[in-house]
Amino acid sequence: MSHSGTTLILIMAIAVLAPLLAYGVGRRLPVPLVIFEILLGILIGPDVLDWARPDALIDGLSELGLAMLIFLAGYEIEFGKVRGDTLRRSVWAWLAALALGLATGVLLGGGYTKGVFIGVALTSTALGTVLPVLRDSGDLHGRFGSVVMAFGAVGEFGPIIAMALLLSGRGAAESTVLLAVFAALTAGAVFWALRPRPPWFSRIIAKTLHTSGQFAVRFVFLLLALMLGASEALGLDILLGAFAAGLVTRLVLTGAAPESGPQILEKIEGVGFGFLVPVFFVVTGIEFDLASLLDGGRTLLLLPVFLLLFLAVRGGPIWFLAPRDLDRRDRGGLVLYGSTALPLVVAITTIGVDDKTMTAGEAAALVGAGMLSVLVFPLVALRSRSGAKGLPTERISGSESW
């Protein structure tokens, strides 16, 4: 059997084992599924058992998994709830976090370029981790859930824009022009999505929804491919295209197939969370530089420092700019959920290491801190808010999470 085949079998075995572990442990302590996927990936990786090593095929599947995560996060955003004063506060909170993050990153990194990588990573929010937890606890569609969604959406979209502007290697003017072109393309797609669809469009969605035709599913993946292609053609990060594709897809399905939309999403999630997303997280574990982290010294010290910085840089502005109608308990929960980070941290540090701007040890410390934030912050938020309402504990916390 080829090396790719063996590695893929191991990855999918972990994908099956991880939910079982999450369910078993979750009966006593809710642990996001992604933690088991990454930890098991580390176990089979070169620094422990050395059973699996990624190659071009596995890396390609991993990139598709990351794109699916960003796509689904974009799809989850409900425009009717992410607007007005709450949206303005979330934007200002992220801009304040960006200023704090860049300043902190430059001080820690000892230079501007490395500081930008660290600073942008500190401003991200793992909305994909937060949303399943909120869904399981029954908070997703309430006032608290809508606020978390607004702050989390900006915490995802903002870093992607910052990556395109600050980490592309191009001049600010050129990057701004390219972003403007992509924004215009996205606006055109949104305008098209909002237009009424012809009657045949809805009919063929309904007729093929449970057949081998799967018109709606194929159409969704066409939209994703088009937006990914547009972002790549403009030299922008594909995460920007994936996020925009999620936004556009929700608008199309809401207008053309409101009754079939949830079923279509279930099918897309089946492809993403059932296959591509686990590949991304397990490969993240396989490529995790555990040896650099365990060498101790500055690298190991940076891990708790970065974890605290997620709270200070991202959470601090959220605390002060949270909507006034939230009580102290909800405000604290918003800070913890908003400070949860991982997938964009992985993406940013991967670029940093590939560009030889960041060391493998610094990247491992940032990713390790992101893993701890995904494990600790949502759990503390759930516990801190459980006094106000009874929360179910026998869940696979974050059914599939960032």
# chains A, B, ... in the order shown; residues from 1 in each chain; ligands from 1
$ residues_around --residues "region 179-193 of chain A" --least-positions-apart "2" --cutoff "9 Å" --atoms "only C-alpha atoms" --output "PDB file with N, CA and C atoms, in the first residue's frame"
ATOM      1  N   ILE A 161      -9.077  39.258   6.314  1.00  0.00           N
ATOM      2  CA  ILE A 161      -8.771  40.491   5.592  1.00  0.00           C
ATOM      3  C   ILE A 161      -7.371  40.977   5.956  1.00  0.00           C
ATOM      4  N   ALA A 164      -4.797  39.084   4.146  1.00  0.00           N
ATOM      5  CA  ALA A 164      -4.698  39.486   2.746  1.00  0.00           C
ATOM      6  C   ALA A 164      -3.952  40.804   2.597  1.00  0.00           C
ATOM      7  N   LEU A 165      -4.125  41.709   3.559  1.00  0.00           N
ATOM      8  CA  LEU A 165      -3.486  43.019   3.475  1.00  0.00           C
ATOM      9  C   LEU A 165      -2.043  43.007   3.971  1.00  0.00           C
ATOM     10  N   GLU A 174      -1.481  47.803  -3.591  1.00  0.00           N
ATOM     11  CA  GLU A 174      -1.857  46.693  -4.467  1.00  0.00           C
ATOM     12  C   GLU A 174      -2.818  45.748  -3.768  1.00  0.00           C
ATOM     13  N   SER A 175      -2.544  45.425  -2.511  1.00  0.00           N
ATOM     14  CA  SER A 175      -3.429  44.538  -1.758  1.00  0.00           C
ATOM     15  C   SER A 175      -4.818  45.135  -1.610  1.00  0.00           C
ATOM     16  N   THR A 176      -4.885  46.439  -1.361  1.00  0.00           N
ATOM     17  CA  THR A 176      -6.180  47.111  -1.208  1.00  0.00           C
ATOM     18  C   THR A 176      -6.978  47.049  -2.501  1.00  0.00           C
ATOM     19  N   VAL A 177      -6.310  47.273  -3.629  1.00  0.00           N
ATOM     20  CA  VAL A 177      -6.992  47.223  -4.924  1.00  0.00           C
ATOM     21  C   VAL A 177      -7.543  45.818  -5.185  1.00  0.00           C
ATOM     22  N   ARG A 195     -31.634  37.954  -5.867  1.00  0.00           N
ATOM     23  CA  ARG A 195     -32.669  38.018  -6.895  1.00  0.00           C
ATOM     24  C   ARG A 195     -33.524  36.755  -6.842  1.00  0.00           C
ATOM     25  N   PRO A 196     -34.822  36.874  -7.164  1.00  0.00           N
ATOM     26  CA  PRO A 196     -35.689  35.686  -7.149  1.00  0.00           C
ATOM     27  C   PRO A 196     -35.197  34.648  -8.148  1.00  0.00           C
ATOM     28  N   ARG A 197     -35.180  33.412  -7.734  1.00  0.00           N
ATOM     29  CA  ARG A 197     -34.783  32.332  -8.632  1.00  0.00           C
ATOM     30  C   ARG A 197     -35.991  31.895  -9.460  1.00  0.00           C
ATOM     31  N   MET A 227     -15.775  30.855  -5.915  1.00  0.00           N
ATOM     32  CA  MET A 227     -15.232  31.864  -5.000  1.00  0.00           C
ATOM     33  C   MET A 227     -13.779  31.555  -4.641  1.00  0.00           C
ATOM     34  N   ALA A 230     -11.824  32.624  -7.652  1.00  0.00           N
ATOM     35  CA  ALA A 230     -11.706  34.082  -7.751  1.00  0.00           C
ATOM     36  C   ALA A 230     -10.648  34.617  -6.801  1.00  0.00           C
ATOM     37  N   SER A 231     -10.651  34.111  -5.563  1.00  0.00           N
ATOM     38  CA  SER A 231      -9.658  34.581  -4.593  1.00  0.00           C
ATOM     39  C   SER A 231      -8.250  34.176  -5.014  1.00  0.00           C
ATOM     40  N   LEU A 234      -6.896  36.300  -7.895  1.00  0.00           N
ATOM     41  CA  LEU A 234      -6.493  37.637  -7.461  1.00  0.00           C
ATOM     42  C   LEU A 234      -5.295  37.602  -6.515  1.00  0.00           C
ATOM     43  N   LEU A 236      -5.268  36.255  -3.529  1.00  0.00           N
ATOM     44  CA  LEU A 236      -5.702  36.391  -2.144  1.00  0.00           C
ATOM     45  C   LEU A 236      -5.778  35.010  -1.501  1.00  0.00           C
ATOM     46  N   GLY A 241     -12.132  33.472  -0.013  1.00  0.00           N
ATOM     47  CA  GLY A 241     -13.113  32.958  -0.952  1.00  0.00           C
ATOM     48  C   GLY A 241     -14.068  31.970  -0.313  1.00  0.00           C
ATOM     49  N   ALA A 244     -16.624  33.909   1.846  1.00  0.00           N
ATOM     50  CA  ALA A 244     -17.587  34.593   0.992  1.00  0.00           C
ATOM     51  C   ALA A 244     -18.560  33.597   0.358  1.00  0.00           C
ATOM     52  N   ALA A 245     -18.063  32.425  -0.017  1.00  0.00           N
ATOM     53  CA  ALA A 245     -18.922  31.396  -0.608  1.00  0.00           C
ATOM     54  C   ALA A 245     -19.996  30.954   0.378  1.00  0.00           C
ATOM     55  N   LEU A 247     -21.330  32.790   2.781  1.00  0.00           N
ATOM     56  CA  LEU A 247     -22.313  33.863   2.868  1.00  0.00           C
ATOM     57  C   LEU A 247     -23.270  33.832   1.679  1.00  0.00           C
ATOM     58  N   VAL A 248     -22.708  33.706   0.482  1.00  0.00           N
ATOM     59  CA  VAL A 248     -23.524  33.715  -0.730  1.00  0.00           C
ATOM     60  C   VAL A 248     -24.439  32.499  -0.777  1.00  0.00           C
ATOM     61  N   THR A 249     -23.923  31.337  -0.408  1.00  0.00           N
ATOM     62  CA  THR A 249     -24.717  30.109  -0.447  1.00  0.00           C
ATOM     63  C   THR A 249     -25.933  30.209   0.453  1.00  0.00           C
ATOM     64  N   ARG A 250     -25.754  30.775   1.648  1.00  0.00           N
ATOM     65  CA  ARG A 250     -26.896  30.909   2.558  1.00  0.00           C
ATOM     66  C   ARG A 250     -27.983  31.789   1.935  1.00  0.00           C
ATOM     67  N   LEU A 251     -27.575  32.890   1.294  1.00  0.00           N
ATOM     68  CA  LEU A 251     -28.541  33.793   0.672  1.00  0.00           C
ATOM     69  C   LEU A 251     -29.288  33.095  -0.467  1.00  0.00           C
ATOM     70  N   VAL A 252     -28.557  32.321  -1.277  1.00  0.00           N
ATOM     71  CA  VAL A 252     -29.189  31.626  -2.395  1.00  0.00           C
ATOM     72  C   VAL A 252     -30.217  30.614  -1.894  1.00  0.00           C
ATOM     73  N   LEU A 253     -29.817  29.777  -0.940  1.00  0.00           N
ATOM     74  CA  LEU A 253     -30.706  28.721  -0.470  1.00  0.00           C
ATOM     75  C   LEU A 253     -31.870  29.267   0.344  1.00  0.00           C
ATOM     76  N   GLY A 255     -33.387  32.065  -0.211  1.00  0.00           N
ATOM     77  CA  GLY A 255     -34.359  32.605  -1.152  1.00  0.00           C
ATOM     78  C   GLY A 255     -34.980  31.571  -2.062  1.00  0.00           C
ATOM     79  N   ALA A 256     -34.175  30.602  -2.522  1.00  0.00           N
ATOM     80  CA  ALA A 256     -34.649  29.661  -3.532  1.00  0.00           C
ATOM     81  C   ALA A 256     -35.251  28.395  -2.936  1.00  0.00           C
TER      82      ALA A 256
END
$ residues_around --residues "Gly368 (chain A)" --least-positions-apart "6" --cutoff "9 Å" --atoms "only C-alpha atoms" --output "list in words"
Phe288, Leu293, Leu303, Pro304, Phe306, Leu307 and Leu342 of chain A
$ closest_atom_pairs --of "region 267-350 of chain A" --to "region 46-56 of chain A" --cutoff "8 Å" --atoms "only C-alpha atoms" --output "Markdown table"
| residue | atom | partner | partner_atom | distance |
| --- | --- | --- | --- | --- |
| A:Val283 | CA | A:Pro54 | CA | 7.1 |
| A:Ile286 | CA | A:Arg53 | CA | 6.9 |
| A:Glu287 | CA | A:Pro54 | CA | 7.8 |
| A:Asp289 | CA | A:Asp47 | CA | 7.3 |
| A:Leu290 | CA | A:Asp47 | CA | 6.2 |
| A:Ala291 | CA | A:Asp47 | CA | 6.3 |
$ write_last_selection --atoms "N, CA, C and O atoms" --output "PDB file, in the first residue's frame"
ATOM      1  N   VAL A 283      -4.238  16.164  10.406  1.00  0.00           N
ATOM      2  CA  VAL A 283      -2.984  16.582   9.771  1.00  0.00           C
ATOM      3  C   VAL A 283      -2.332  17.704  10.568  1.00  0.00           C
ATOM      4  O   VAL A 283      -1.100  17.757  10.687  1.00  0.00           O
ATOM      5  N   ILE A 286      -0.492  15.890  13.113  1.00  0.00           N
ATOM      6  CA  ILE A 286       0.677  15.199  12.562  1.00  0.00           C
ATOM      7  C   ILE A 286       1.828  16.177  12.332  1.00  0.00           C
ATOM      8  O   ILE A 286       2.997  15.859  12.582  1.00  0.00           O
ATOM      9  N   GLU A 287       1.505  17.382  11.866  1.00  0.00           N
ATOM     10  CA  GLU A 287       2.539  18.367  11.548  1.00  0.00           C
ATOM     11  C   GLU A 287       2.935  19.216  12.754  1.00  0.00           C
ATOM     12  O   GLU A 287       3.818  20.066  12.647  1.00  0.00           O
ATOM     13  N   ASP A 289       4.802  20.499  15.802  1.00  0.00           N
ATOM     14  CA  ASP A 289       6.216  20.324  16.179  1.00  0.00           C
ATOM     15  C   ASP A 289       6.322  20.127  17.689  1.00  0.00           C
ATOM     16  O   ASP A 289       6.714  21.025  18.427  1.00  0.00           O
ATOM     17  N   LEU A 290       5.991  18.921  18.129  1.00  0.00           N
ATOM     18  CA  LEU A 290       6.016  18.615  19.562  1.00  0.00           C
ATOM     19  C   LEU A 290       7.435  18.667  20.118  1.00  0.00           C
ATOM     20  O   LEU A 290       7.647  19.095  21.256  1.00  0.00           O
ATOM     21  N   ALA A 291       8.391  18.251  19.320  1.00  0.00           N
ATOM     22  CA  ALA A 291       9.784  18.217  19.799  1.00  0.00           C
ATOM     23  C   ALA A 291      10.267  19.609  20.185  1.00  0.00           C
ATOM     24  O   ALA A 291      10.910  19.791  21.228  1.00  0.00           O
TER      25      ALA A 291
END
$ closest_atom_pairs --of "region 252-337 of chain A" --to "region 147-155 of chain A" --cutoff "8 Å" --atoms "only C-alpha atoms" --output "tab-separated table"
residue	atom	partner	partner_atom	distance
A:Pro323	CA	A:Val147	CA	8.0
A:Leu334	CA	A:Val148	CA	6.0
A:Tyr337	CA	A:Val148	CA	7.2
$ select_by_dssp --residues "region 256-355 of chain A" --states "helix (DSSP H, G or I)" --output "ChimeraX atom specification"
/A:256,261-286,290-294,298-321,328-338,343-354
$ closest_residue --among "A:Leu178, A:Met68, A:Leu140, A:Leu8" --to "Val220 (chain A)" --atoms "only C-alpha atoms"
A:Met68
$ closest_residue --among "A:Asp327, A:Glu76, A:Glu232, A:Glu156" --to "Arg135 (chain A)" --atoms "only C-alpha atoms"
A:Glu76
$ residues_around --residues "Ile264 (chain A)" --least-positions-apart "5" --cutoff "8 Å" --atoms "only C-alpha atoms" --output "PDB file with all heavy atoms, in the first residue's frame"
ATOM      1  N   LEU A 209     -33.205  16.169  -4.467  1.00  0.00           N
ATOM      2  CA  LEU A 209     -32.607  16.246  -3.135  1.00  0.00           C
ATOM      3  C   LEU A 209     -32.283  14.870  -2.570  1.00  0.00           C
ATOM      4  O   LEU A 209     -31.306  14.710  -1.836  1.00  0.00           O
ATOM      5  CB  LEU A 209     -33.551  17.007  -2.187  1.00  0.00           C
ATOM      6  CG  LEU A 209     -32.978  17.386  -0.821  1.00  0.00           C
ATOM      7  CD1 LEU A 209     -31.747  18.280  -0.973  1.00  0.00           C
ATOM      8  CD2 LEU A 209     -34.037  18.096   0.020  1.00  0.00           C
ATOM      9  N   ALA A 216     -28.693  20.461  -5.731  1.00  0.00           N
ATOM     10  CA  ALA A 216     -28.385  21.526  -4.770  1.00  0.00           C
ATOM     11  C   ALA A 216     -26.984  21.389  -4.212  1.00  0.00           C
ATOM     12  O   ALA A 216     -26.246  22.372  -4.088  1.00  0.00           O
ATOM     13  CB  ALA A 216     -29.409  21.518  -3.635  1.00  0.00           C
ATOM     14  N   VAL A 217     -26.590  20.150  -3.870  1.00  0.00           N
ATOM     15  CA  VAL A 217     -25.257  19.920  -3.305  1.00  0.00           C
ATOM     16  C   VAL A 217     -24.189  20.259  -4.338  1.00  0.00           C
ATOM     17  O   VAL A 217     -23.189  20.922  -4.035  1.00  0.00           O
ATOM     18  CB  VAL A 217     -25.106  18.466  -2.838  1.00  0.00           C
ATOM     19  CG1 VAL A 217     -23.693  18.194  -2.345  1.00  0.00           C
ATOM     20  CG2 VAL A 217     -26.119  18.161  -1.730  1.00  0.00           C
TER      21      VAL A 217
END
$ residues_around --residues "region 31-44 of chain A" --least-positions-apart "3" --cutoff "8 Å" --atoms "only C-alpha atoms" --output "CSV table (one decimal) with N, CA and C atoms, in the first residue's frame"
chain,number,residue,atom,x,y,z
A,11,ILE,N,-5.8,8.4,9.4
A,11,ILE,CA,-6.5,9.6,9.6
A,11,ILE,C,-8.0,9.3,9.8
A,14,ILE,N,-8.8,7.6,13.1
A,14,ILE,CA,-8.8,8.7,14.1
A,14,ILE,C,-10.2,9.4,14.0
A,15,ALA,N,-10.6,9.7,12.8
A,15,ALA,CA,-11.9,10.4,12.6
A,15,ALA,C,-13.1,9.6,13.2
A,18,ALA,N,-12.3,9.5,17.4
A,18,ALA,CA,-12.4,10.7,18.1
A,18,ALA,C,-13.8,11.0,18.7
A,19,PRO,N,-14.9,10.8,17.9
A,19,PRO,CA,-16.2,11.0,18.5
A,19,PRO,C,-16.5,10.1,19.6
A,21,LEU,N,-14.3,8.9,21.8
A,21,LEU,CA,-13.6,9.4,23.0
A,21,LEU,C,-14.3,10.6,23.5
A,22,ALA,N,-14.7,11.5,22.6
A,22,ALA,CA,-15.4,12.7,23.0
A,22,ALA,C,-16.7,12.4,23.7
A,25,VAL,N,-15.7,10.8,27.3
A,25,VAL,CA,-15.2,11.8,28.2
A,25,VAL,C,-16.2,12.9,28.5
A,26,GLY,N,-17.0,13.2,27.4
A,26,GLY,CA,-18.0,14.3,27.5
A,26,GLY,C,-19.1,14.0,28.5
A,47,ASP,N,6.8,12.9,15.6
A,47,ASP,CA,7.4,13.1,16.9
A,47,ASP,C,7.1,12.1,18.0
A,48,VAL,N,6.1,11.2,17.7
A,48,VAL,CA,5.8,10.2,18.7
A,48,VAL,C,5.9,8.8,18.0
A,49,LEU,N,4.9,8.3,17.4
A,49,LEU,CA,4.9,6.9,16.9
A,49,LEU,C,5.5,6.9,15.5
A,50,ASP,N,5.5,8.0,14.8
A,50,ASP,CA,6.0,8.1,13.4
A,50,ASP,C,5.4,7.1,12.5
A,51,TRP,N,4.0,7.0,12.6
A,51,TRP,CA,3.3,6.1,11.7
A,51,TRP,C,2.8,6.8,10.4
A,52,ALA,N,2.7,8.2,10.5
A,52,ALA,CA,2.1,8.9,9.4
A,52,ALA,C,2.9,10.2,9.1
A,129,THR,N,-15.8,26.5,16.4
A,129,THR,CA,-15.8,25.8,17.7
A,129,THR,C,-17.0,26.3,18.6
A,278,PRO,N,-12.1,16.4,9.5
A,278,PRO,CA,-11.2,15.6,10.3
A,278,PRO,C,-9.9,15.5,9.7
A,281,PHE,N,-7.8,18.6,10.8
A,281,PHE,CA,-7.4,18.6,12.2
A,281,PHE,C,-6.4,17.5,12.5
A,282,VAL,N,-6.6,16.3,12.0
A,282,VAL,CA,-5.6,15.3,12.2
A,282,VAL,C,-4.2,15.6,11.6
A,283,VAL,N,-4.2,16.2,10.4
A,283,VAL,CA,-3.0,16.6,9.8
A,283,VAL,C,-2.3,17.7,10.6
A,284,THR,N,-3.1,18.6,11.1
A,284,THR,CA,-2.6,19.6,12.0
A,284,THR,C,-1.8,19.0,13.2
A,285,GLY,N,-2.4,17.9,13.7
A,285,GLY,CA,-1.7,17.2,14.8
A,285,GLY,C,-0.4,16.5,14.3
A,286,ILE,N,-0.5,15.9,13.1
A,286,ILE,CA,0.7,15.2,12.6
A,286,ILE,C,1.8,16.2,12.3
A,287,GLU,N,1.5,17.4,11.9
A,287,GLU,CA,2.5,18.4,11.5
A,287,GLU,C,2.9,19.2,12.8
A,288,PHE,N,2.3,19.0,13.9
A,288,PHE,CA,2.6,19.8,15.1
A,288,PHE,C,4.0,19.5,15.6
A,290,LEU,N,6.0,18.9,18.1
A,290,LEU,CA,6.0,18.6,19.6
A,290,LEU,C,7.4,18.7,20.1
A,371,MET,N,-5.0,25.4,21.0
A,371,MET,CA,-5.6,24.2,21.4
A,371,MET,C,-6.2,24.3,22.8
A,374,VAL,N,-9.3,26.3,22.9
A,374,VAL,CA,-10.5,25.6,22.4
A,374,VAL,C,-11.0,24.6,23.5
A,375,LEU,N,-10.1,24.1,24.3
A,375,LEU,CA,-10.4,23.2,25.4
A,375,LEU,C,-11.0,23.9,26.6
A,379,LEU,N,-15.4,25.6,27.9
A,379,LEU,CA,-15.8,24.8,29.1
A,379,LEU,C,-16.1,25.8,30.2
A,396,ILE,N,-21.5,15.5,22.9
A,396,ILE,CA,-20.2,15.5,22.2
A,396,ILE,C,-20.0,17.0,22.0
A,397,SER,N,-19.3,17.6,22.9
A,397,SER,CA,-19.2,19.1,22.9
A,397,SER,C,-18.5,19.6,21.7
A,398,GLY,N,-19.2,20.5,21.0
A,398,GLY,CA,-18.6,21.0,19.7
A,398,GLY,C,-18.7,20.0,18.7
A,399,SER,N,-19.8,19.3,18.5
A,399,SER,CA,-20.0,18.1,17.7
A,399,SER,C,-19.0,17.9,16.6
A,400,GLU,N,-18.6,19.0,16.0
A,400,GLU,CA,-17.4,19.0,15.2
A,400,GLU,C,-16.9,20.4,15.3
A,401,SER,N,-15.7,20.7,15.7
A,401,SER,CA,-15.4,22.0,16.0
A,401,SER,C,-14.0,22.4,15.4
A,402,TRP,N,-13.8,23.7,15.5
A,402,TRP,CA,-12.6,24.3,15.0
A,402,TRP,C,-11.4,24.0,15.9
$ atom_distance --atom1 "CA of Leu344 (chain A)" --atom2 "CA of Ala97 (chain A)"
15.3 Å
$ closest_residue --among "A:Arg83, A:Val380, A:Gly272, A:Thr7" --to "Arg329 (chain A)" --atoms "only C-alpha atoms"
A:Val380
$ atom_distance --atom1 "CA of Ala312 (chain A)" --atom2 "CA of Val353 (chain A)"
24.8 Å
$ decode --residues "region 272-349 of chain A" --atoms "C-alpha atoms" --output "CSV table (one decimal), in the first residue's frame"
chain,number,residue,atom,x,y,z
A,272,GLY,CA,-17.2,18.4,5.5
A,273,PHE,CA,-17.5,17.1,9.1
A,274,GLY,CA,-17.6,13.5,8.0
A,275,PHE,CA,-14.5,13.5,5.9
A,276,LEU,CA,-12.6,16.7,5.0
A,277,VAL,CA,-12.6,18.5,8.3
A,278,PRO,CA,-11.2,15.6,10.3
A,279,VAL,CA,-8.4,15.3,7.8
A,280,PHE,CA,-7.5,19.0,8.4
A,281,PHE,CA,-7.4,18.6,12.2
A,282,VAL,CA,-5.6,15.3,12.2
A,283,VAL,CA,-3.0,16.6,9.8
A,284,THR,CA,-2.6,19.6,12.0
A,285,GLY,CA,-1.7,17.2,14.8
A,286,ILE,CA,0.7,15.2,12.6
A,287,GLU,CA,2.5,18.4,11.5
A,288,PHE,CA,2.6,19.8,15.1
A,289,ASP,CA,6.2,20.3,16.2
A,290,LEU,CA,6.0,18.6,19.6
A,291,ALA,CA,9.8,18.2,19.8
A,292,SER,CA,10.4,22.0,19.7
A,293,LEU,CA,7.7,22.5,22.3
A,294,LEU,CA,9.1,19.9,24.7
A,295,ASP,CA,12.7,21.2,24.4
A,296,GLY,CA,11.6,23.7,27.0
A,297,GLY,CA,13.1,27.2,27.3
A,298,ARG,CA,11.5,30.1,25.6
A,299,THR,CA,9.2,28.0,23.4
A,300,LEU,CA,7.5,26.3,26.3
A,301,LEU,CA,7.2,29.6,28.2
A,302,LEU,CA,5.5,31.2,25.2
A,303,LEU,CA,2.6,28.8,25.3
A,304,PRO,CA,0.9,30.1,28.5
A,305,VAL,CA,1.9,33.6,27.5
A,306,PHE,CA,0.0,33.3,24.2
A,307,LEU,CA,-3.0,31.7,26.0
A,308,LEU,CA,-3.2,34.7,28.3
A,309,LEU,CA,-2.7,37.1,25.4
A,310,PHE,CA,-5.7,35.5,23.6
A,311,LEU,CA,-7.8,36.7,26.6
A,312,ALA,CA,-6.1,40.1,27.0
A,313,VAL,CA,-5.8,41.1,23.3
A,314,ARG,CA,-9.0,39.6,21.9
A,315,GLY,CA,-11.1,39.4,25.1
A,316,GLY,CA,-10.2,42.7,26.7
A,317,PRO,CA,-11.8,44.9,24.0
A,318,ILE,CA,-14.8,42.5,23.9
A,319,TRP,CA,-15.4,43.1,27.6
A,320,PHE,CA,-15.4,46.9,27.3
A,321,LEU,CA,-17.4,47.0,24.0
A,322,ALA,CA,-20.0,44.2,24.7
A,323,PRO,CA,-23.6,45.3,24.3
A,324,ARG,CA,-24.9,47.0,27.4
A,325,ASP,CA,-27.9,44.7,27.8
A,326,LEU,CA,-25.6,41.8,28.6
A,327,ASP,CA,-25.2,41.1,32.3
A,328,ARG,CA,-21.9,40.4,33.9
A,329,ARG,CA,-22.2,36.6,33.5
A,330,ASP,CA,-23.1,36.9,29.8
A,331,ARG,CA,-20.3,39.5,29.2
A,332,GLY,CA,-17.8,37.1,30.7
A,333,GLY,CA,-19.1,34.2,28.5
A,334,LEU,CA,-18.8,36.4,25.5
A,335,VAL,CA,-15.2,37.2,26.3
A,336,LEU,CA,-14.3,33.5,26.7
A,337,TYR,CA,-16.1,32.4,23.5
A,338,GLY,CA,-14.6,35.4,21.6
A,339,SER,CA,-11.1,34.5,22.8
A,340,THR,CA,-11.3,30.9,21.6
A,341,ALA,CA,-8.9,30.5,18.6
A,342,LEU,CA,-7.3,27.7,16.6
A,343,PRO,CA,-7.9,27.2,12.8
A,344,LEU,CA,-6.8,30.6,11.7
A,345,VAL,CA,-3.9,30.4,14.1
A,346,VAL,CA,-2.9,27.1,12.3
A,347,ALA,CA,-3.2,28.8,8.9
A,348,ILE,CA,-1.3,31.9,9.9
A,349,THR,CA,1.5,30.0,11.6
